[in-house]
>>> print(open('protein_5.cif').read())   # mmCIF, C-alpha atoms
data_my_file
loop_
_atom_site.group_PDB
_atom_site.id
_atom_site.type_symbol
_atom_site.label_atom_id
_atom_site.label_comp_id
_atom_site.auth_asym_id
_atom_site.auth_seq_id
_atom_site.Cartn_x
_atom_site.Cartn_y
_atom_site.Cartn_z
ATOM 1 C CA MET A 688 52.213 94.024 -51.663
ATOM 2 C CA ALA A 689 50.739 96.955 -53.581
ATOM 3 C CA MET A 690 54.048 98.762 -53.154
ATOM 4 C CA VAL A 691 55.989 95.783 -54.487
ATOM 5 C CA ARG A 692 53.739 95.465 -57.539
ATOM 6 C CA GLY A 693 53.789 99.212 -58.153
ATOM 7 C CA GLY A 694 57.556 99.128 -57.933
ATOM 8 C CA GLU A 695 57.823 96.192 -60.313
ATOM 9 C CA ALA A 696 56.001 98.059 -63.033
ATOM 10 C CA GLN A 697 58.393 100.993 -62.883
ATOM 11 C CA LEU A 698 61.747 99.207 -63.058
ATOM 12 C CA THR A 699 63.202 99.109 -66.584
ATOM 13 C CA GLN A 700 66.458 97.826 -68.030
ATOM 14 C CA ASN A 701 67.324 101.146 -69.693
ATOM 15 C CA PHE A 702 66.222 103.490 -66.894
ATOM 16 C CA TYR A 703 69.420 105.595 -67.065
ATOM 17 C CA ARG A 704 69.807 105.658 -70.865
ATOM 18 C CA VAL A 705 69.543 109.481 -70.953
ATOM 19 C CA GLN A 706 71.023 110.636 -67.627
ATOM 20 C CA CYS A 707 73.786 108.056 -67.160
ATOM 21 C CA PRO A 708 74.060 105.804 -70.234
ATOM 22 C CA ASN A 709 77.378 104.201 -69.173
ATOM 23 C CA VAL A 710 76.375 103.335 -65.603
ATOM 24 C CA GLU A 711 76.694 99.557 -66.089
ATOM 25 C CA LEU A 712 80.124 99.872 -67.713
ATOM 26 C CA ILE A 713 81.336 102.151 -64.898
ATOM 27 C CA VAL A 714 80.117 99.723 -62.215
ATOM 28 C CA ARG A 715 81.637 96.762 -64.101
ATOM 29 C CA GLN A 716 85.046 98.476 -64.156
ATOM 30 C CA ALA A 717 84.887 99.205 -60.412
ATOM 31 C CA VAL A 718 83.839 95.614 -59.635
ATOM 32 C CA THR A 719 86.591 94.199 -61.875
ATOM 33 C CA LYS A 720 89.215 96.268 -60.073
ATOM 34 C CA LYS A 721 87.917 95.215 -56.639
ATOM 35 C CA MET A 722 87.831 91.541 -57.700
ATOM 36 C CA SER A 723 91.449 91.754 -58.816
ATOM 37 C CA GLN A 724 92.323 92.714 -55.219
ATOM 38 C CA THR A 725 90.340 89.930 -53.479
ATOM 39 C CA PHE A 726 87.989 87.122 -54.514
ATOM 40 C CA VAL A 727 85.981 87.758 -51.325
ATOM 41 C CA THR A 728 84.400 90.581 -53.379
ATOM 42 C CA VAL A 729 82.237 87.955 -55.113
ATOM 43 C CA PRO A 730 80.432 86.252 -52.202
ATOM 44 C CA ALA A 731 80.488 89.458 -50.137
ATOM 45 C CA THR A 732 78.697 91.556 -52.773
ATOM 46 C CA LEU A 733 76.155 88.863 -53.631
ATOM 47 C CA ARG A 734 75.339 88.258 -49.962
ATOM 48 C CA LEU A 735 75.012 92.003 -49.359
ATOM 49 C CA PHE A 736 72.366 92.182 -52.113
ATOM 50 C CA PHE A 737 70.417 89.273 -50.587
ATOM 51 C CA HIS A 738 70.555 90.724 -47.084
ATOM 52 C CA ASP A 739 69.476 94.133 -48.380
ATOM 53 C CA CYS A 740 66.467 92.882 -50.354
ATOM 54 C CA PHE A 741 65.059 90.650 -47.595
ATOM 55 C CA VAL A 742 64.758 93.590 -45.152
ATOM 56 C CA GLU A 743 62.804 96.679 -46.324
ATOM 57 C CA GLY A 744 63.222 95.541 -49.937
ATOM 58 C CA CYS A 745 66.102 96.281 -52.363
ATOM 59 C CA ASP A 746 66.686 99.846 -51.183
ATOM 60 C CA ALA A 747 70.305 99.949 -49.942
ATOM 61 C CA SER A 748 69.090 100.169 -46.319
ATOM 62 C CA ILE A 749 71.821 97.636 -45.414
ATOM 63 C CA LEU A 750 74.517 100.192 -46.316
ATOM 64 C CA ILE A 751 73.538 102.834 -43.745
ATOM 65 C CA GLN A 752 76.067 103.333 -40.941
ATOM 66 C CA SER A 753 75.303 104.788 -37.542
ATOM 67 C CA THR A 754 77.464 105.677 -34.580
ATOM 68 C CA LYS A 755 74.658 104.376 -32.336
ATOM 69 C CA GLY A 756 74.843 100.805 -33.678
ATOM 70 C CA ASP A 757 71.122 100.714 -34.456
ATOM 71 C CA THR A 758 70.985 100.195 -38.244
ATOM 72 C CA GLU A 759 70.410 97.003 -40.259
ATOM 73 C CA LYS A 760 74.131 96.303 -40.647
ATOM 74 C CA ASP A 761 74.435 96.230 -36.829
ATOM 75 C CA ALA A 762 71.966 93.327 -36.484
ATOM 76 C CA SER A 763 73.599 90.083 -35.329
ATOM 77 C CA ASP A 764 72.729 88.287 -38.595
ATOM 78 C CA ASN A 765 74.538 91.018 -40.545
ATOM 79 C CA LEU A 766 77.733 91.279 -38.469
ATOM 80 C CA SER A 767 79.381 88.589 -40.605
ATOM 81 C CA LEU A 768 78.817 90.506 -43.864
ATOM 82 C CA ALA A 769 82.334 91.001 -45.247
ATOM 83 C CA GLY A 770 83.539 94.581 -45.580
ATOM 84 C CA ASP A 771 84.590 93.911 -49.176
ATOM 85 C CA GLY A 772 80.934 93.897 -50.265
ATOM 86 C CA PHE A 773 80.326 97.349 -48.782
ATOM 87 C CA ASP A 774 83.598 98.587 -50.258
ATOM 88 C CA THR A 775 82.618 97.351 -53.744
ATOM 89 C CA VAL A 776 79.442 99.447 -53.688
ATOM 90 C CA ILE A 777 81.221 102.498 -52.229
ATOM 91 C CA LYS A 778 83.945 102.384 -54.908
ATOM 92 C CA ALA A 779 81.385 101.874 -57.695
ATOM 93 C CA LYS A 780 79.232 104.727 -56.364
ATOM 94 C CA GLN A 781 82.232 107.084 -56.316
ATOM 95 C CA ALA A 782 83.006 106.242 -59.946
ATOM 96 C CA VAL A 783 79.353 106.679 -60.997
ATOM 97 C CA GLU A 784 79.064 109.996 -59.108
ATOM 98 C CA ALA A 785 82.120 111.300 -60.959
ATOM 99 C CA ALA A 786 80.345 110.671 -64.278
ATOM 100 C CA CYS A 787 76.688 111.347 -63.384
ATOM 101 C CA PRO A 788 76.350 113.095 -59.996
ATOM 102 C CA GLY A 789 73.091 112.646 -58.090
ATOM 103 C CA VAL A 790 71.458 110.355 -60.662
ATOM 104 C CA VAL A 791 72.015 106.661 -59.826
ATOM 105 C CA SER A 792 70.825 105.121 -56.560
ATOM 106 C CA CYS A 793 73.009 102.988 -54.297
ATOM 107 C CA ALA A 794 70.281 100.310 -54.532
ATOM 108 C CA ASP A 795 70.730 100.088 -58.314
ATOM 109 C CA ILE A 796 74.525 100.058 -58.031
ATOM 110 C CA LEU A 797 74.313 97.114 -55.596
ATOM 111 C CA ALA A 798 71.946 95.261 -57.970
ATOM 112 C CA ILE A 799 74.313 95.770 -60.927
ATOM 113 C CA ALA A 800 77.375 94.787 -58.856
ATOM 114 C CA ALA A 801 75.630 91.585 -57.660
ATOM 115 C CA ARG A 802 75.001 90.553 -61.270
ATOM 116 C CA ASP A 803 78.582 91.430 -62.240
ATOM 117 C CA VAL A 804 80.252 89.301 -59.539
ATOM 118 C CA VAL A 805 78.127 86.308 -60.589
ATOM 119 C CA LEU A 806 79.085 86.762 -64.235
ATOM 120 C CA MET A 807 82.770 87.338 -63.506
ATOM 121 C CA SER A 808 83.071 84.180 -61.409
ATOM 122 C CA GLY A 809 81.694 81.972 -64.178
ATOM 123 C CA GLY A 810 77.957 82.383 -63.621
ATOM 124 C CA PRO A 811 75.219 83.559 -65.973
ATOM 125 C CA ASN A 812 74.774 87.013 -67.476
ATOM 126 C CA PHE A 813 71.329 88.575 -67.129
ATOM 127 C CA SER A 814 69.801 92.017 -67.599
ATOM 128 C CA VAL A 815 69.304 94.066 -64.431
ATOM 129 C CA GLU A 816 66.132 96.108 -64.101
ATOM 130 C CA LEU A 817 66.850 99.611 -62.804
ATOM 131 C CA GLY A 818 65.035 102.590 -61.321
ATOM 132 C CA ARG A 819 65.134 101.782 -57.590
ATOM 133 C CA ARG A 820 65.470 104.638 -55.148
ATOM 134 C CA ASP A 821 67.315 104.467 -51.841
ATOM 135 C CA GLY A 822 65.300 103.848 -48.690
ATOM 136 C CA LEU A 823 64.897 106.313 -45.835
ATOM 137 C CA VAL A 824 64.878 103.857 -42.925
ATOM 138 C CA SER A 825 67.363 101.317 -41.600
ATOM 139 C CA HIS A 826 66.644 99.677 -38.240
ATOM 140 C CA ARG A 827 68.489 96.854 -36.540
ATOM 141 C CA TRP A 828 65.249 95.510 -35.030
ATOM 142 C CA ARG A 829 63.704 94.999 -38.487
ATOM 143 C CA VAL A 830 66.191 92.238 -39.376
ATOM 144 C CA PRO A 831 65.342 89.277 -37.072
ATOM 145 C CA GLY A 832 62.789 86.950 -38.665
ATOM 146 C CA ASN A 833 63.186 88.428 -42.149
ATOM 147 C CA LEU A 834 66.467 86.824 -43.243
ATOM 148 C CA PRO A 835 66.845 83.173 -44.229
ATOM 149 C CA THR A 836 69.300 81.813 -41.641
ATOM 150 C CA PRO A 837 71.368 78.573 -41.589
ATOM 151 C CA GLU A 838 69.244 76.640 -39.085
ATOM 152 C CA LEU A 839 65.783 77.237 -40.599
ATOM 153 C CA SER A 840 63.389 74.437 -41.516
ATOM 154 C CA PHE A 841 62.066 74.076 -45.055
ATOM 155 C CA ASN A 842 58.683 75.532 -44.052
ATOM 156 C CA LEU A 843 60.181 78.640 -42.449
ATOM 157 C CA LEU A 844 62.565 79.144 -45.358
ATOM 158 C CA SER A 845 59.823 78.860 -47.954
ATOM 159 C CA TRP A 846 57.595 81.221 -45.916
ATOM 160 C CA ILE A 847 60.308 83.913 -45.901
ATOM 161 C CA PHE A 848 60.763 83.572 -49.658
ATOM 162 C CA ARG A 849 57.021 83.382 -50.350
ATOM 163 C CA LYS A 850 56.281 86.616 -48.495
ATOM 164 C CA ASN A 851 58.809 88.233 -50.856
ATOM 165 C CA ASN A 852 56.972 86.871 -53.902
ATOM 166 C CA LEU A 853 59.592 84.161 -54.490
ATOM 167 C CA SER A 854 58.699 80.537 -55.269
ATOM 168 C CA VAL A 855 60.305 77.309 -54.045
ATOM 169 C CA THR A 856 62.149 77.132 -57.387
ATOM 170 C CA ASP A 857 63.443 80.688 -56.820
ATOM 171 C CA MET A 858 64.492 79.766 -53.283
ATOM 172 C CA THR A 859 66.302 76.621 -54.436
ATOM 173 C CA ALA A 860 68.048 78.494 -57.253
ATOM 174 C CA LEU A 861 69.102 81.456 -55.079
ATOM 175 C CA SER A 862 70.501 79.031 -52.478
ATOM 176 C CA GLY A 863 72.900 77.987 -55.242
ATOM 177 C CA ALA A 864 74.821 81.200 -54.505
ATOM 178 C CA HIS A 865 76.425 79.046 -51.787
ATOM 179 C CA THR A 866 78.549 77.575 -54.590
ATOM 180 C CA ILE A 867 80.908 80.476 -53.816
ATOM 181 C CA GLY A 868 81.976 81.870 -50.511
ATOM 182 C CA PHE A 869 82.519 80.515 -47.064
ATOM 183 C CA ALA A 870 80.759 79.732 -43.798
ATOM 184 C CA HIS A 871 81.889 80.482 -40.263
ATOM 185 C CA CYS A 872 82.208 77.378 -38.082
ATOM 186 C CA ASN A 873 79.837 78.712 -35.407
ATOM 187 C CA ARG A 874 76.967 78.842 -37.949
ATOM 188 C CA PHE A 875 76.898 75.045 -38.345
ATOM 189 C CA ALA A 876 78.716 73.680 -35.248
ATOM 190 C CA SER A 877 75.443 72.411 -33.753
ATOM 191 C CA ARG A 878 75.134 69.966 -36.684
ATOM 192 C CA LEU A 879 78.465 68.434 -35.692
ATOM 193 C CA TYR A 880 78.398 68.404 -31.895
ATOM 194 C CA SER A 881 74.893 68.891 -30.464
ATOM 195 C CA PHE A 882 72.242 68.216 -33.097
ATOM 196 C CA ASN A 883 69.535 66.793 -30.821
ATOM 197 C CA ALA A 884 68.934 64.447 -27.880
ATOM 198 C CA THR A 885 69.247 61.336 -30.069
ATOM 199 C CA HIS A 886 72.017 62.350 -32.456
ATOM 200 C CA LYS A 887 75.066 64.420 -31.677
ATOM 201 C CA VAL A 888 75.771 64.662 -35.416
ATOM 202 C CA ASP A 889 73.004 65.626 -37.862
ATOM 203 C CA PRO A 890 72.070 62.292 -39.545
ATOM 204 C CA SER A 891 71.402 64.084 -42.855
ATOM 205 C CA LEU A 892 75.123 64.975 -43.008
ATOM 206 C CA ASN A 893 77.411 62.656 -44.983
ATOM 207 C CA PRO A 894 79.517 60.942 -42.219
ATOM 208 C CA THR A 895 82.841 61.363 -44.065
ATOM 209 C CA TYR A 896 82.064 65.027 -44.688
ATOM 210 C CA ALA A 897 81.058 65.452 -41.031
ATOM 211 C CA ARG A 898 84.504 64.191 -39.969
ATOM 212 C CA GLN A 899 86.210 66.587 -42.391
ATOM 213 C CA LEU A 900 84.160 69.477 -40.979
ATOM 214 C CA MET A 901 85.106 68.460 -37.423
ATOM 215 C CA GLN A 902 88.784 68.600 -38.360
ATOM 216 C CA ALA A 903 88.359 72.058 -39.898
ATOM 217 C CA CYS A 904 86.082 73.250 -37.089
ATOM 218 C CA PRO A 905 86.960 71.614 -33.759
ATOM 219 C CA ARG A 906 84.787 72.403 -30.726
ATOM 220 C CA ASN A 907 85.182 75.980 -29.445
ATOM 221 C CA VAL A 908 87.229 77.006 -32.480
ATOM 222 C CA ASP A 909 87.854 80.732 -33.041
ATOM 223 C CA PRO A 910 84.490 82.028 -34.363
ATOM 224 C CA ARG A 911 86.314 83.891 -37.157
ATOM 225 C CA VAL A 912 87.428 80.601 -38.747
ATOM 226 C CA ALA A 913 85.542 80.002 -42.001
ATOM 227 C CA ILE A 914 85.582 77.227 -44.588
ATOM 228 C CA SER A 915 84.539 77.045 -48.248
ATOM 229 C CA MET A 916 80.887 76.134 -48.774
ATOM 230 C CA ASP A 917 81.671 74.353 -52.035
ATOM 231 C CA PRO A 918 84.840 72.326 -51.376
ATOM 232 C CA GLN A 919 85.197 71.234 -55.031
ATOM 233 C CA THR A 920 85.172 74.588 -56.893
ATOM 234 C CA PRO A 921 84.970 77.291 -54.200
ATOM 235 C CA ASN A 922 85.831 80.172 -56.556
ATOM 236 C CA VAL A 923 83.647 79.181 -59.505
ATOM 237 C CA PHE A 924 79.953 79.967 -59.830
ATOM 238 C CA ASP A 925 78.658 76.569 -60.990
ATOM 239 C CA ASN A 926 76.117 73.873 -60.084
ATOM 240 C CA ALA A 927 78.511 71.916 -57.810
ATOM 241 C CA TYR A 928 76.469 73.041 -54.758
ATOM 242 C CA TYR A 929 73.585 70.811 -55.885
ATOM 243 C CA ARG A 930 75.827 67.800 -56.460
ATOM 244 C CA GLU A 931 77.073 68.307 -52.900
ATOM 245 C CA LEU A 932 73.476 68.325 -51.574
ATOM 246 C CA VAL A 933 72.692 65.048 -53.375
ATOM 247 C CA ASN A 934 75.703 63.543 -51.559
ATOM 248 C CA GLY A 935 74.666 64.848 -48.115
ATOM 249 C CA ARG A 936 77.344 67.532 -48.144
ATOM 250 C CA GLY A 937 75.282 70.676 -47.593
ATOM 251 C CA ILE A 938 77.066 72.769 -44.981
ATOM 252 C CA PHE A 939 74.005 74.443 -43.396
ATOM 253 C CA SER A 940 70.893 72.518 -42.423
ATOM 254 C CA SER A 941 69.006 75.139 -44.511
ATOM 255 C CA ASP A 942 71.004 73.845 -47.509
ATOM 256 C CA GLN A 943 70.492 70.145 -46.843
ATOM 257 C CA VAL A 944 66.727 70.473 -46.239
ATOM 258 C CA LEU A 945 66.388 71.410 -49.921
ATOM 259 C CA PHE A 946 67.332 67.826 -50.789
ATOM 260 C CA GLY A 947 65.417 66.380 -47.849
ATOM 261 C CA ASN A 948 62.057 67.961 -48.718
ATOM 262 C CA PRO A 949 59.948 66.259 -51.427
ATOM 263 C CA ILE A 950 58.914 69.622 -52.950
ATOM 264 C CA SER A 951 62.449 70.897 -53.595
ATOM 265 C CA LYS A 952 64.258 67.554 -53.981
ATOM 266 C CA PRO A 953 63.435 67.114 -57.714
ATOM 267 C CA ILE A 954 64.576 70.709 -58.349
ATOM 268 C CA VAL A 955 67.916 70.016 -56.609
ATOM 269 C CA LYS A 956 68.339 66.787 -58.622
ATOM 270 C CA ASN A 957 67.609 68.638 -61.867
ATOM 271 C CA PHE A 958 70.052 71.458 -61.091
ATOM 272 C CA SER A 959 72.730 68.921 -60.081
ATOM 273 C CA VAL A 960 72.803 67.394 -63.573
ATOM 274 C CA ASN A 961 71.580 70.347 -65.680
ATOM 275 C CA PRO A 962 73.832 73.397 -65.282
ATOM 276 C CA GLN A 963 71.829 75.385 -67.872
ATOM 277 C CA SER A 964 68.623 74.701 -66.006
ATOM 278 C CA PHE A 965 70.230 76.081 -62.823
ATOM 279 C CA THR A 966 71.733 79.206 -64.403
ATOM 280 C CA SER A 967 68.465 80.039 -66.166
ATOM 281 C CA ALA A 968 66.461 79.632 -62.928
ATOM 282 C CA PHE A 969 69.069 81.613 -60.966
ATOM 283 C CA SER A 970 68.931 84.505 -63.445
ATOM 284 C CA GLN A 971 65.125 84.655 -63.287
ATOM 285 C CA ALA A 972 65.162 84.434 -59.482
ATOM 286 C CA MET A 973 67.713 87.282 -59.213
ATOM 287 C CA ILE A 974 65.504 89.493 -61.392
ATOM 288 C CA ARG A 975 62.484 88.692 -59.200
ATOM 289 C CA LEU A 976 64.495 89.231 -56.004
ATOM 290 C CA GLY A 977 65.571 92.615 -57.373
ATOM 291 C CA ARG A 978 61.909 93.719 -57.486
ATOM 292 C CA VAL A 979 61.210 93.080 -53.811
ATOM 293 C CA GLY A 980 59.904 96.134 -51.943
ATOM 294 C CA VAL A 981 61.478 98.633 -54.328
ATOM 295 C CA LYS A 982 60.929 102.374 -53.927
ATOM 296 C CA THR A 983 60.324 104.261 -57.172
ATOM 297 C CA GLY A 984 58.980 107.614 -58.347
ATOM 298 C CA ASN A 985 58.849 110.002 -55.398
ATOM 299 C CA ASN A 986 59.521 107.364 -52.743
ATOM 300 C CA GLY A 987 62.988 107.321 -51.216
ATOM 301 C CA GLU A 988 65.929 109.364 -52.461
ATOM 302 C CA ILE A 989 69.137 109.174 -54.489
ATOM 303 C CA ARG A 990 71.795 109.055 -51.774
ATOM 304 C CA ARG A 991 74.971 111.031 -52.387
ATOM 305 C CA ASP A 992 76.883 108.835 -49.919
ATOM 306 C CA CYS A 993 75.639 105.240 -49.703
ATOM 307 C CA SER A 994 76.435 104.978 -45.991
ATOM 308 C CA ARG A 995 74.235 107.890 -44.858
ATOM 309 C CA PHE A 996 70.886 109.452 -45.652
ATOM 310 C CA ASN A 997 71.071 112.770 -47.522
#
>>> encode(input="protein_5.cif", output="structure tokens")
Amino acid sequence: MAMVRGGEAQLTQNFYRVQCPNVELIVRQAVTKKMSQTFVTVPATLRLFFHDCFVEGCDASILIQSTKGDTEKDASDNLSLAGDGFDTVIKAKQAVEAACPGVVSCADILAIAARDVVLMSGGPNFSVELGRRDGLVSHRWRVPGNLPTPELSFNLLSWIFRKNNLSVTDMTALSGAHTIGFAHCNRFASRLYSFNATHKVDPSLNPTYARQLMQACPRNVDPRVAISMDPQTPNVFDNAYYRELVNGRGIFSSDQVLFGNPISKPIVKNFSVNPQSFTSAFSQAMIRLGRVGVKTGNNGEIRRDCSRFN
């Protein structure tokens, strides 16, 4: 915790004003170009930021590649991270290196890119604190138990967020990132076909929606099949996710429990009818998430290549 607090104090919005004043513009241009090639850039980059920060902190440890298959990105919970997220950071890093070699960390580039994809898909704009350094460790075995996963109960979810200094409001707001992107059938099939001894289908799931999901995801479907998490506006960052939860149409049980639990239920209801309330809470939660476990000062390094240690 001391490291987190120490890190928080040293992140600043204008960290690169002398050494790389145009860093945010350069990253924005790279993200814009990547988004013009595929919308998957948006959910992929945002999810990459989340998965990075929850393991070892926001230090770009998720980006490290190894021929041995023993880094964070090789963990089973990270195998579904879309390559377009990694590619966004790599392209942005190359552009930044051309302008300011050896100055800007991969961790900061990922944080800026995550904000940019939210903004460019209709979400809020917020200032990104900078000054993170890139981590020096990335282990596959460090991932299990540290990521919020689709089947978790409210108590386990809130514990994972709380140990990262994030409140229930932060957790509920960050879950709203599921307004964009898609889910693989195998991550929620148990809610449709084998929920528990009493109910085959999860009773918290809207029955009409459950039938639609069964059509899209029949038993033993190809595990690569994925469907939009927000069926109404899948490519717009908005508050539709919360309206879906109110109607029993959360795709993961970890989504629907936010409406089922009395602590988070009023927050979900508020966000479902107050888009400004959601975007404000989301912006604040992203800033707080960006402070988790950061390395600053002499900790870590500025990687030349985001996929390998210097």
>>> closest_residue(input="protein_5.cif", among="A:Ser881, A:Ile796, A:Leu823, A:Glu816", to="Asn997 in chain A", atoms="all atoms listed in the file")
A:Leu823
>>> resolve_selection(input="protein_5.cif", expression="the PyMOL selection byres ((chain A and resi 989) around 7)", output="number ranges by chain")
A: 789-792, 820-821, 988, 990-991
>>> atom_distance(input="protein_5.cif", atom1="CA of Asn893 in chain A", atom2="CA of Arg936 in chain A")
5.8 Å
>>> closest_residue(input="protein_5.cif", among="A:Arg734, A:Lys755, A:His865, A:Arg802", to="Gly770 in chain A", atoms="all atoms listed in the file")
A:Arg734
>>> closest_residue(input="protein_5.cif", among="A:Trp846, A:Pro905, A:Phe882, A:Cys787", to="Val705 in chain A", atoms="only C-alpha atoms")
A:Cys787
>>> atom_distance(input="protein_5.cif", atom1="CA of Asp857 in chain A", atom2="CA of Arg975 in chain A")
8.4 Å
>>> atom_distance(input="protein_5.cif", atom1="CA of Thr966 in chain A", atom2="CA of Tyr929 in chain A")
12.1 Å
>>> closest_residue(input="protein_5.cif", among="A:Asn709, A:Thr866, A:Thr775, A:Gln700", to="Lys721 in chain A", atoms="all atoms listed in the file")
A:Thr775
>>> resolve_selection(input="protein_5.cif", expression="the PyMOL selection byres ((chain A and resi 748-752) around 6)", output="count of residues only")
10
